[in-house]
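Participant: Contents are TSV, C-alpha atoms; file name coords_30.tsv:
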chain	number	residue	atom	x	y	z
A	1	PHE	CA	64.33	23.14	130.56
A	2	VAL	CA	65.14	26.65	131.77
A	3	VAL	CA	67.67	27.21	128.98
A	4	LEU	CA	65.25	25.89	126.36
A	5	THR	CA	62.43	28.09	127.64
A	6	CYS	CA	64.65	31.17	127.67
A	7	ARG	CA	65.85	30.41	124.16
A	8	VAL	CA	62.31	30.07	122.82
A	9	LEU	CA	61.24	33.33	124.46
A	10	ARG	CA	64.34	35.11	123.18
A	11	MET	CA	63.75	33.96	119.61
A	12	VAL	CA	60.10	35.02	119.74
A	13	ILE	CA	60.87	38.42	121.23
A	14	THR	CA	63.85	39.18	119.01
A	15	THR	CA	61.88	38.20	115.91
A	16	PHE	CA	59.03	40.58	116.72
A	17	SER	CA	61.24	43.38	118.06
A	18	ASN	CA	63.69	43.26	115.17
A	19	THR	CA	62.63	41.71	111.87
A	20	VAL	CA	58.88	42.26	112.17
A	21	MET	CA	58.94	45.74	113.69
A	22	VAL	CA	61.71	47.08	111.46
A	23	THR	CA	59.95	45.78	108.35
A	24	ALA	CA	56.68	47.31	109.52
A	25	ALA	CA	58.35	50.66	110.22
A	26	LEU	CA	60.03	50.67	106.82
A	27	SER	CA	56.69	49.89	105.18
A	28	ASP	CA	55.21	52.95	106.90
A	29	VAL	CA	57.73	55.34	105.35
A	30	CYS	CA	58.78	53.55	102.14
A	31	SER	CA	57.08	51.71	99.32
A	32	GLY	CA	57.93	49.99	96.06
A	33	LYS	CA	61.58	49.99	95.06
A	34	ASP	CA	62.43	52.45	97.84
A	35	LEU	CA	61.29	49.84	100.35
A	36	ALA	CA	63.32	47.17	98.58
A	37	MET	CA	66.40	49.40	98.65
A	38	ALA	CA	65.92	50.12	102.34
A	39	SER	CA	65.55	46.41	103.05
A	40	SER	CA	68.77	45.80	101.15
A	41	LEU	CA	70.64	48.28	103.33
A	42	MET	CA	69.10	46.67	106.40
A	43	ALA	CA	70.46	43.31	105.24
A	44	ALA	CA	73.89	44.91	104.84
A	45	SER	CA	73.67	46.21	108.41
A	46	THR	CA	72.76	42.73	109.59
A	47	GLY	CA	75.78	41.37	107.77
A	48	LEU	CA	78.01	43.91	109.48
A	49	GLY	CA	76.70	42.70	112.82
A	50	LEU	CA	77.48	39.12	111.84
A	51	VAL	CA	81.04	40.13	110.99
A	52	LEU	CA	81.73	42.03	114.21
A	53	THR	CA	79.84	39.95	116.77
A	54	PRO	CA	82.08	36.82	116.71
A	55	PHE	CA	85.12	38.95	117.56
A	56	VAL	CA	83.34	40.63	120.46
A	57	GLU	CA	81.99	37.32	121.69
A	58	ALA	CA	85.43	35.72	121.48
A	59	ARG	CA	86.93	38.48	123.63
A	60	ILE	CA	84.18	38.05	126.21
A	61	LEU	CA	84.64	34.28	126.35
A	62	GLN	CA	88.41	34.64	126.64
A	63	ARG	CA	88.10	36.90	129.67
A	64	SER	CA	85.06	35.43	131.44
A	65	SER	CA	82.40	32.72	131.44
A	66	PRO	CA	79.68	32.25	128.79
A	67	ARG	CA	77.19	33.82	131.19
A	68	PHE	CA	78.70	37.22	130.43
A	69	ALA	CA	77.94	36.75	126.74
A	70	TYR	CA	74.25	36.53	127.63
A	71	LEU	CA	74.67	39.52	129.92
A	72	ALA	CA	76.10	41.49	127.00
A	73	LEU	CA	73.04	40.56	124.94
A	74	SER	CA	70.82	41.78	127.77
A	75	VAL	CA	72.66	45.10	127.83
A	76	LEU	CA	72.20	45.48	124.07
A	77	GLY	CA	68.51	44.74	124.50
A	78	ALA	CA	68.25	47.43	127.18
A	79	VAL	CA	70.02	49.92	124.92
A	80	GLN	CA	67.55	49.12	122.16
A	81	VAL	CA	64.61	49.70	124.52
A	82	VAL	CA	65.95	53.11	125.55
A	83	TYR	CA	66.65	54.07	121.94
A	84	ASN	CA	63.18	53.04	120.77
A	85	VAL	CA	61.42	54.86	123.61
A	86	PHE	CA	63.33	58.14	123.53
A	87	VAL	CA	64.74	58.44	119.99
A	88	MET	CA	62.75	56.35	117.52
A	89	PRO	CA	59.69	58.27	116.27
A	90	GLU	CA	56.34	56.69	115.50
A	91	THR	CA	56.32	55.87	111.77
A	92	LEU	CA	52.65	55.07	111.28
A	93	GLU	CA	50.50	57.93	110.03
A	94	ILE	CA	48.15	59.39	112.63
A	95	ALA	CA	45.09	58.59	110.50
A	96	LYS	CA	46.02	54.89	110.47
A	97	ARG	CA	46.65	54.50	114.19
A	98	ILE	CA	44.19	52.72	116.47
A	99	PRO	CA	43.71	52.96	120.25
A	100	MET	CA	45.77	50.61	122.41
A	101	GLN	CA	42.59	49.06	123.79
A	102	ALA	CA	41.53	48.03	120.29
A	103	ALA	CA	44.91	46.46	119.59
A	104	LEU	CA	45.17	44.49	122.85
A	105	THR	CA	42.31	42.09	122.20
A	106	LEU	CA	42.31	38.30	122.46
A	107	GLN	CA	41.58	38.04	118.74
A	108	ASN	CA	44.78	39.90	117.90
A	109	PHE	CA	46.80	37.53	120.10
A	110	ASN	CA	45.44	34.47	118.32
A	111	PRO	CA	48.49	32.74	116.76
A	112	PHE	CA	46.27	31.45	113.96
A	113	GLY	CA	44.76	34.84	113.20
A	114	PHE	CA	46.80	35.03	110.01
A	115	MET	CA	44.50	32.38	108.53
A	116	ARG	CA	41.95	35.14	107.95
A	117	ILE	CA	44.12	36.22	105.03
A	118	PHE	CA	43.15	33.00	103.24
A	119	THR	CA	39.47	33.20	104.19
A	120	HIS	CA	38.81	36.92	103.80
A	121	GLY	CA	41.71	38.22	101.71
A	122	SER	CA	41.93	38.68	97.97
A	123	LYS	CA	43.44	36.08	95.67
A	124	GLY	CA	46.53	38.21	95.09
A	125	LEU	CA	47.07	38.70	98.82
A	126	CYS	CA	46.76	34.96	99.43
A	127	GLN	CA	49.31	34.21	96.73
A	128	MET	CA	51.81	36.77	97.99
A	129	THR	CA	51.38	35.53	101.56
A	130	THR	CA	52.03	31.96	100.45
A	131	VAL	CA	55.18	32.98	98.58
A	132	ALA	CA	56.43	35.06	101.53
A	133	THR	CA	55.74	32.17	103.93
A	134	LEU	CA	57.76	29.74	101.83
A	135	GLN	CA	60.59	32.27	101.59
A	136	MET	CA	60.61	32.84	105.35
A	137	ALA	CA	60.85	29.09	105.93
A	138	ILE	CA	64.53	29.31	104.95
A	139	GLU	CA	65.15	32.59	106.77
A	140	GLY	CA	68.19	32.75	109.03
A	141	LYS	CA	66.39	32.37	112.36
A	142	ASN	CA	64.60	29.25	111.15
A	143	MET	CA	67.74	27.68	109.69
A	144	SER	CA	70.18	28.63	112.45
A	145	ASP	CA	69.76	25.59	114.70
A	146	LEU	CA	69.65	23.18	111.77
A	147	SER	CA	72.78	24.76	110.32
A	148	GLN	CA	74.64	24.44	113.62
A	149	VAL	CA	73.77	20.75	113.92
A	150	TRP	CA	74.67	20.16	110.27
A	151	MET	CA	78.03	21.92	110.58
A	152	LYS	CA	78.95	19.89	113.64
A	153	ASN	CA	77.64	16.43	112.73
A	154	HIS	CA	77.76	16.37	108.93
A	155	LEU	CA	80.70	18.63	108.15
A	156	GLY	CA	82.68	18.03	111.32
A	157	TRP	CA	83.47	21.72	111.74
A	158	THR	CA	84.95	23.07	114.94
A	159	ILE	CA	83.70	26.18	116.73
A	160	GLU	CA	86.36	28.16	114.88
A	161	GLY	CA	85.11	26.78	111.56
A	162	ALA	CA	81.53	27.78	112.35
A	163	ARG	CA	82.75	31.21	113.41
A	164	ASN	CA	84.62	31.67	110.15
A	165	PHE	CA	81.48	30.69	108.27
A	166	VAL	CA	79.40	33.29	110.13
A	167	ILE	CA	81.99	35.99	109.44
A	168	SER	CA	82.21	35.05	105.76
A	169	TYR	CA	78.44	34.99	105.48
A	170	GLY	CA	78.24	38.42	107.10
A	171	MET	CA	80.79	39.85	104.68
A	172	LEU	CA	78.77	38.51	101.76
A	173	CYS	CA	75.61	40.05	103.24
A	174	VAL	CA	77.32	43.43	103.43
A	175	ALA	CA	78.60	43.19	99.86
A	176	SER	CA	75.25	42.01	98.56
A	177	GLY	CA	73.22	44.60	100.46
A	178	MET	CA	75.48	47.48	99.45
A	179	SER	CA	76.05	46.66	95.78
A	180	LEU	CA	74.56	43.53	94.20
A	181	THR	CA	70.98	43.78	95.46
A	182	PRO	CA	70.58	47.51	94.64
A	183	TYR	CA	71.94	46.82	91.15
A	184	LEU	CA	69.48	43.99	90.57
A	185	LEU	CA	66.60	46.08	91.89
A	186	ARG	CA	67.44	48.86	89.46
A	187	THR	CA	67.76	46.59	86.44
A	188	LEU	CA	65.09	43.93	87.04
A	189	SER	CA	61.35	44.01	87.53
A	190	PRO	CA	59.98	42.91	90.93
A	191	ARG	CA	58.86	39.57	89.48
A	192	ALA	CA	62.20	38.95	87.78
A	193	PHE	CA	64.13	39.90	90.92
A	194	THR	CA	62.03	37.58	93.09
A	195	THR	CA	62.31	34.74	90.58
A	196	LEU	CA	66.08	35.14	90.36
A	197	THR	CA	66.59	35.20	94.13
A	198	ASN	CA	64.30	32.19	94.61
A	199	LEU	CA	66.27	30.33	91.95
A	200	PHE	CA	69.56	31.08	93.69
A	201	ASN	CA	68.07	29.98	97.01
A	202	PHE	CA	67.14	26.67	95.42
A	203	LEU	CA	70.56	26.20	93.86
A	204	GLY	CA	72.39	27.25	97.02
A	205	PHE	CA	70.60	24.83	99.31
A	206	ALA	CA	70.79	22.04	96.73
A	207	ILE	CA	74.57	22.48	96.50
A	208	ARG	CA	74.86	22.61	100.29
A	209	GLY	CA	73.31	19.17	100.50
A	210	ARG	CA	75.91	17.65	98.19
A	211	GLN	CA	79.14	19.44	99.07
A	212	GLY	CA	81.03	20.11	102.27
A	213	ALA	CA	83.58	22.71	101.22
A	214	LEU	CA	83.19	26.24	102.61
A	215	PHE	CA	83.01	27.67	99.08
A	216	PHE	CA	79.90	25.62	98.31
A	217	ILE	CA	78.36	26.19	101.75
A	218	LEU	CA	78.51	29.95	101.24
A	219	GLY	CA	76.70	29.47	97.95
What does the file become when written as structure tokens?
Facilitator:
Amino acid sequence: FVVLTCRVLRMVITTFSNTVMVTAALSDVCSGKDLAMASSLMAASTGLGLVLTPFVEARILQRSSPRFAYLALSVLGAVQVVYNVFVMPETLEIAKRIPMQAALTLQNFNPFGFMRIFTHGSKGLCQMTTVATLQMAIEGKNMSDLSQVWMKNHLGWTIEGARNFVISYGMLCVASGMSLTPYLLRTLSPRAFTTLTNLFNFLGFAIRGRQGALFFILG
């Protein structure tokens, strides 16, 4: 129970402190294709982390118990806190900021507050929110546990096999974020780019369900 509770809290906190906050900060300083390009570079950075982390984790596990791997994560979290407090500037324009008292209200902590988008938002906003929600359903954090179970029970992969998959996936993220995605953003319209990536998501997951080879899994 303790491990499960800690895992849930960690996933909630890391989601808000990383994906959500970084995306919000980028939206404050970038827009349009510049925002898309910045997001692409962020994905490449994430891929680099996926490539390096398994090696660091392996060294920690070889020299000590798994508890020290969690301790290392805690240290990284502390470093991030210090960096955000003392180095990271506020990205939101002064005119758009609101007092802390106005932000810390019960209404803002309502987990179903997003439903106001569908009751008070425009038709276009509702459609974009629906599309983004469906896209986020297959985002890495949501698929991670399912992927681990699938690799172990369906594919019969060992820990080393799963590690190799993560490293390969990270390398592809770096390559895509540094070259392929920027190229597509320059040559395609936003609608065409989104349609193409959604199509490849569909094909990739469809192939995953029918094949077990690493080549098809990475697709």
Participant: Could you work out how far CA of Ser122 (chain A) lies from CA of Thr105 (chain A), giving the answer in Å with one decimal?
Facilitator: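 Separating CA of Thr105 (chain A) from CA of Ser122 (chain A) is a distance of 24.5 Å.
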Participant: Using all atoms listed in the file for the distances, tell me which of A:Leu9, A:Met115, A:Leu76, A:Val2 is nearest to Thr130 (chain A).
Facilitator: A:Met115
Participant: For CA of Thr197 (chain A) and CA of Asp34 (chain A), quote the distance in Å rounded to one decimal.
Facilitator: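 Separation of CA of Thr197 (chain A) and CA of Asp34 (chain A): 18.1 Å.
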Participant: At a cut-off of 10 Å, using only C-alpha atoms, what residues contact His154 (chain A)? Leave out same-chain residues fewer than 5 positions from it and give the result as a VMD selection string.
Facilitator: chain A and resid 147 to 149 209 212
Participant: If we count only C-alpha atoms and set the cut-off at 10 Å, which residues sit around Ala175 (chain A), ignoring sequence neighbours fewer than 3 positions away in its own chain? Please answer as a PDB file with C-alpha atoms, in the frame of the given file.
Facilitator:
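The new file selection-v3.pdb reads:
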ATOM      1  CA  ALA A  43      70.460  43.310 105.240  1.00  0.00           C
ATOM      2  CA  ALA A  44      73.890  44.910 104.840  1.00  0.00           C
ATOM      3  CA  GLY A  47      75.780  41.370 107.770  1.00  0.00           C
ATOM      4  CA  LEU A  48      78.010  43.910 109.480  1.00  0.00           C
ATOM      5  CA  TYR A 169      78.440  34.990 105.480  1.00  0.00           C
ATOM      6  CA  GLY A 170      78.240  38.420 107.100  1.00  0.00           C
ATOM      7  CA  MET A 171      80.790  39.850 104.680  1.00  0.00           C
ATOM      8  CA  LEU A 172      78.770  38.510 101.760  1.00  0.00           C
ATOM      9  CA  MET A 178      75.480  47.480  99.450  1.00  0.00           C
ATOM     10  CA  SER A 179      76.050  46.660  95.780  1.00  0.00           C
ATOM     11  CA  LEU A 180      74.560  43.530  94.200  1.00  0.00           C
ATOM     12  CA  THR A 181      70.980  43.780  95.460  1.00  0.00           C
TER      13      THR A 181
END
Participant: For a quick check of understanding, using all atoms listed in the file, which of A:Asn110, A:Thr5, A:Asn142, A:Ser168 has the smallest distance to Gly49 (chain A)?
Facilitator: A:Ser168
Participant: Which of these, A:Val166, A:Val131, A:Thr46, A:Glu90, has the shortest distance to Leu26 (chain A) once you count only C-alpha atoms?
Facilitator: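 Of the candidates, the smallest distance to Leu26 (chain A) is held by A:Glu90.
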Participant: Write out as an MDAnalysis selection string which residues come within 10 Å of Ser27 (chain A) when counting only C-alpha atoms, dropping same-chain ones fewer than 6 positions away.
Facilitator: chainID A and resid 21 34:36 38:39 91:92
Participant: Include C-alpha atoms and write out the residues we just selected as an mmCIF file, in the frame of the given file.
Facilitator:
data_model
loop_
_atom_site.group_PDB
_atom_site.id
_atom_site.type_symbol
_atom_site.label_atom_id
_atom_site.label_comp_id
_atom_site.auth_asym_id
_atom_site.auth_seq_id
_atom_site.Cartn_x
_atom_site.Cartn_y
_atom_site.Cartn_z
ATOM 1 C CA MET A 21 58.940 45.740 113.690
ATOM 2 C CA ASP A 34 62.430 52.450 97.840
ATOM 3 C CA LEU A 35 61.290 49.840 100.350
ATOM 4 C CA ALA A 36 63.320 47.170 98.580
ATOM 5 C CA ALA A 38 65.920 50.120 102.340
ATOM 6 C CA SER A 39 65.550 46.410 103.050
ATOM 7 C CA THR A 91 56.320 55.870 111.770
ATOM 8 C CA LEU A 92 52.650 55.070 111.280
#
Participant: In Å, rounded to a single decimal, give me how far CA of Met42 (chain A) is from CA of Thr19 (chain A).
Facilitator: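 So the answer is 9.8 Å.
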Participant: Measuring between all atoms listed in the file, which one of A:Met88, A:Leu188, A:Ile167, A:Ala206 shows the shortest distance to Val22 (chain A)?
Facilitator: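 The closest residue to Val22 (chain A) is A:Met88.
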Participant: For region 18-31 of chain A, which lacks atoms in the input, supply N, CA and C atoms and format the output as an mmCIF file, in the coordinates of the input.
Facilitator:
data_model
loop_
_atom_site.group_PDB
_atom_site.id
_atom_site.type_symbol
_atom_site.label_atom_id
_atom_site.label_comp_id
_atom_site.auth_asym_id
_atom_site.auth_seq_id
_atom_site.Cartn_x
_atom_site.Cartn_y
_atom_site.Cartn_z
ATOM 1 N N ASN A 18 62.709 42.902 116.192
ATOM 2 C CA ASN A 18 63.690 43.260 115.170
ATOM 3 C C ASN A 18 63.099 43.133 113.765
ATOM 4 N N THR A 19 63.045 41.914 113.249
ATOM 5 C CA THR A 19 62.630 41.710 111.870
ATOM 6 C C THR A 19 61.236 42.256 111.598
ATOM 7 N N VAL A 20 60.274 41.869 112.424
ATOM 8 C CA VAL A 20 58.880 42.260 112.170
ATOM 9 C C VAL A 20 58.693 43.761 112.322
ATOM 10 N N MET A 21 59.177 44.324 113.428
ATOM 11 C CA MET A 21 58.940 45.740 113.690
ATOM 12 C C MET A 21 59.710 46.639 112.725
ATOM 13 N N VAL A 22 60.940 46.264 112.400
ATOM 14 C CA VAL A 22 61.710 47.080 111.460
ATOM 15 C C VAL A 22 61.069 47.056 110.076
ATOM 16 N N THR A 23 60.627 45.876 109.651
ATOM 17 C CA THR A 23 59.950 45.780 108.350
ATOM 18 C C THR A 23 58.669 46.592 108.341
ATOM 19 N N ALA A 24 57.916 46.531 109.440
ATOM 20 C CA ALA A 24 56.680 47.310 109.520
ATOM 21 C C ALA A 24 56.965 48.804 109.486
ATOM 22 N N ALA A 25 58.001 49.235 110.208
ATOM 23 C CA ALA A 25 58.350 50.660 110.220
ATOM 24 C C ALA A 25 58.805 51.128 108.846
ATOM 25 N N LEU A 26 59.598 50.306 108.169
ATOM 26 C CA LEU A 26 60.030 50.670 106.820
ATOM 27 C C LEU A 26 58.838 50.762 105.870
ATOM 28 N N SER A 27 57.873 49.863 106.045
ATOM 29 C CA SER A 27 56.690 49.890 105.180
ATOM 30 C C SER A 27 55.852 51.137 105.413
ATOM 31 N N ASP A 28 55.955 51.721 106.610
ATOM 32 C CA ASP A 28 55.210 52.950 106.900
ATOM 33 C C ASP A 28 55.783 54.154 106.151
ATOM 34 N N VAL A 29 57.089 54.147 105.929
ATOM 35 C CA VAL A 29 57.730 55.340 105.350
ATOM 36 C C VAL A 29 58.263 55.112 103.941
ATOM 37 N N CYS A 30 58.273 53.852 103.479
ATOM 38 C CA CYS A 30 58.780 53.550 102.140
ATOM 39 C C CYS A 30 57.793 52.646 101.415
ATOM 40 N N SER A 31 57.913 52.605 100.112
ATOM 41 C CA SER A 31 57.080 51.710 99.320
ATOM 42 C C SER A 31 57.799 51.403 98.006
#
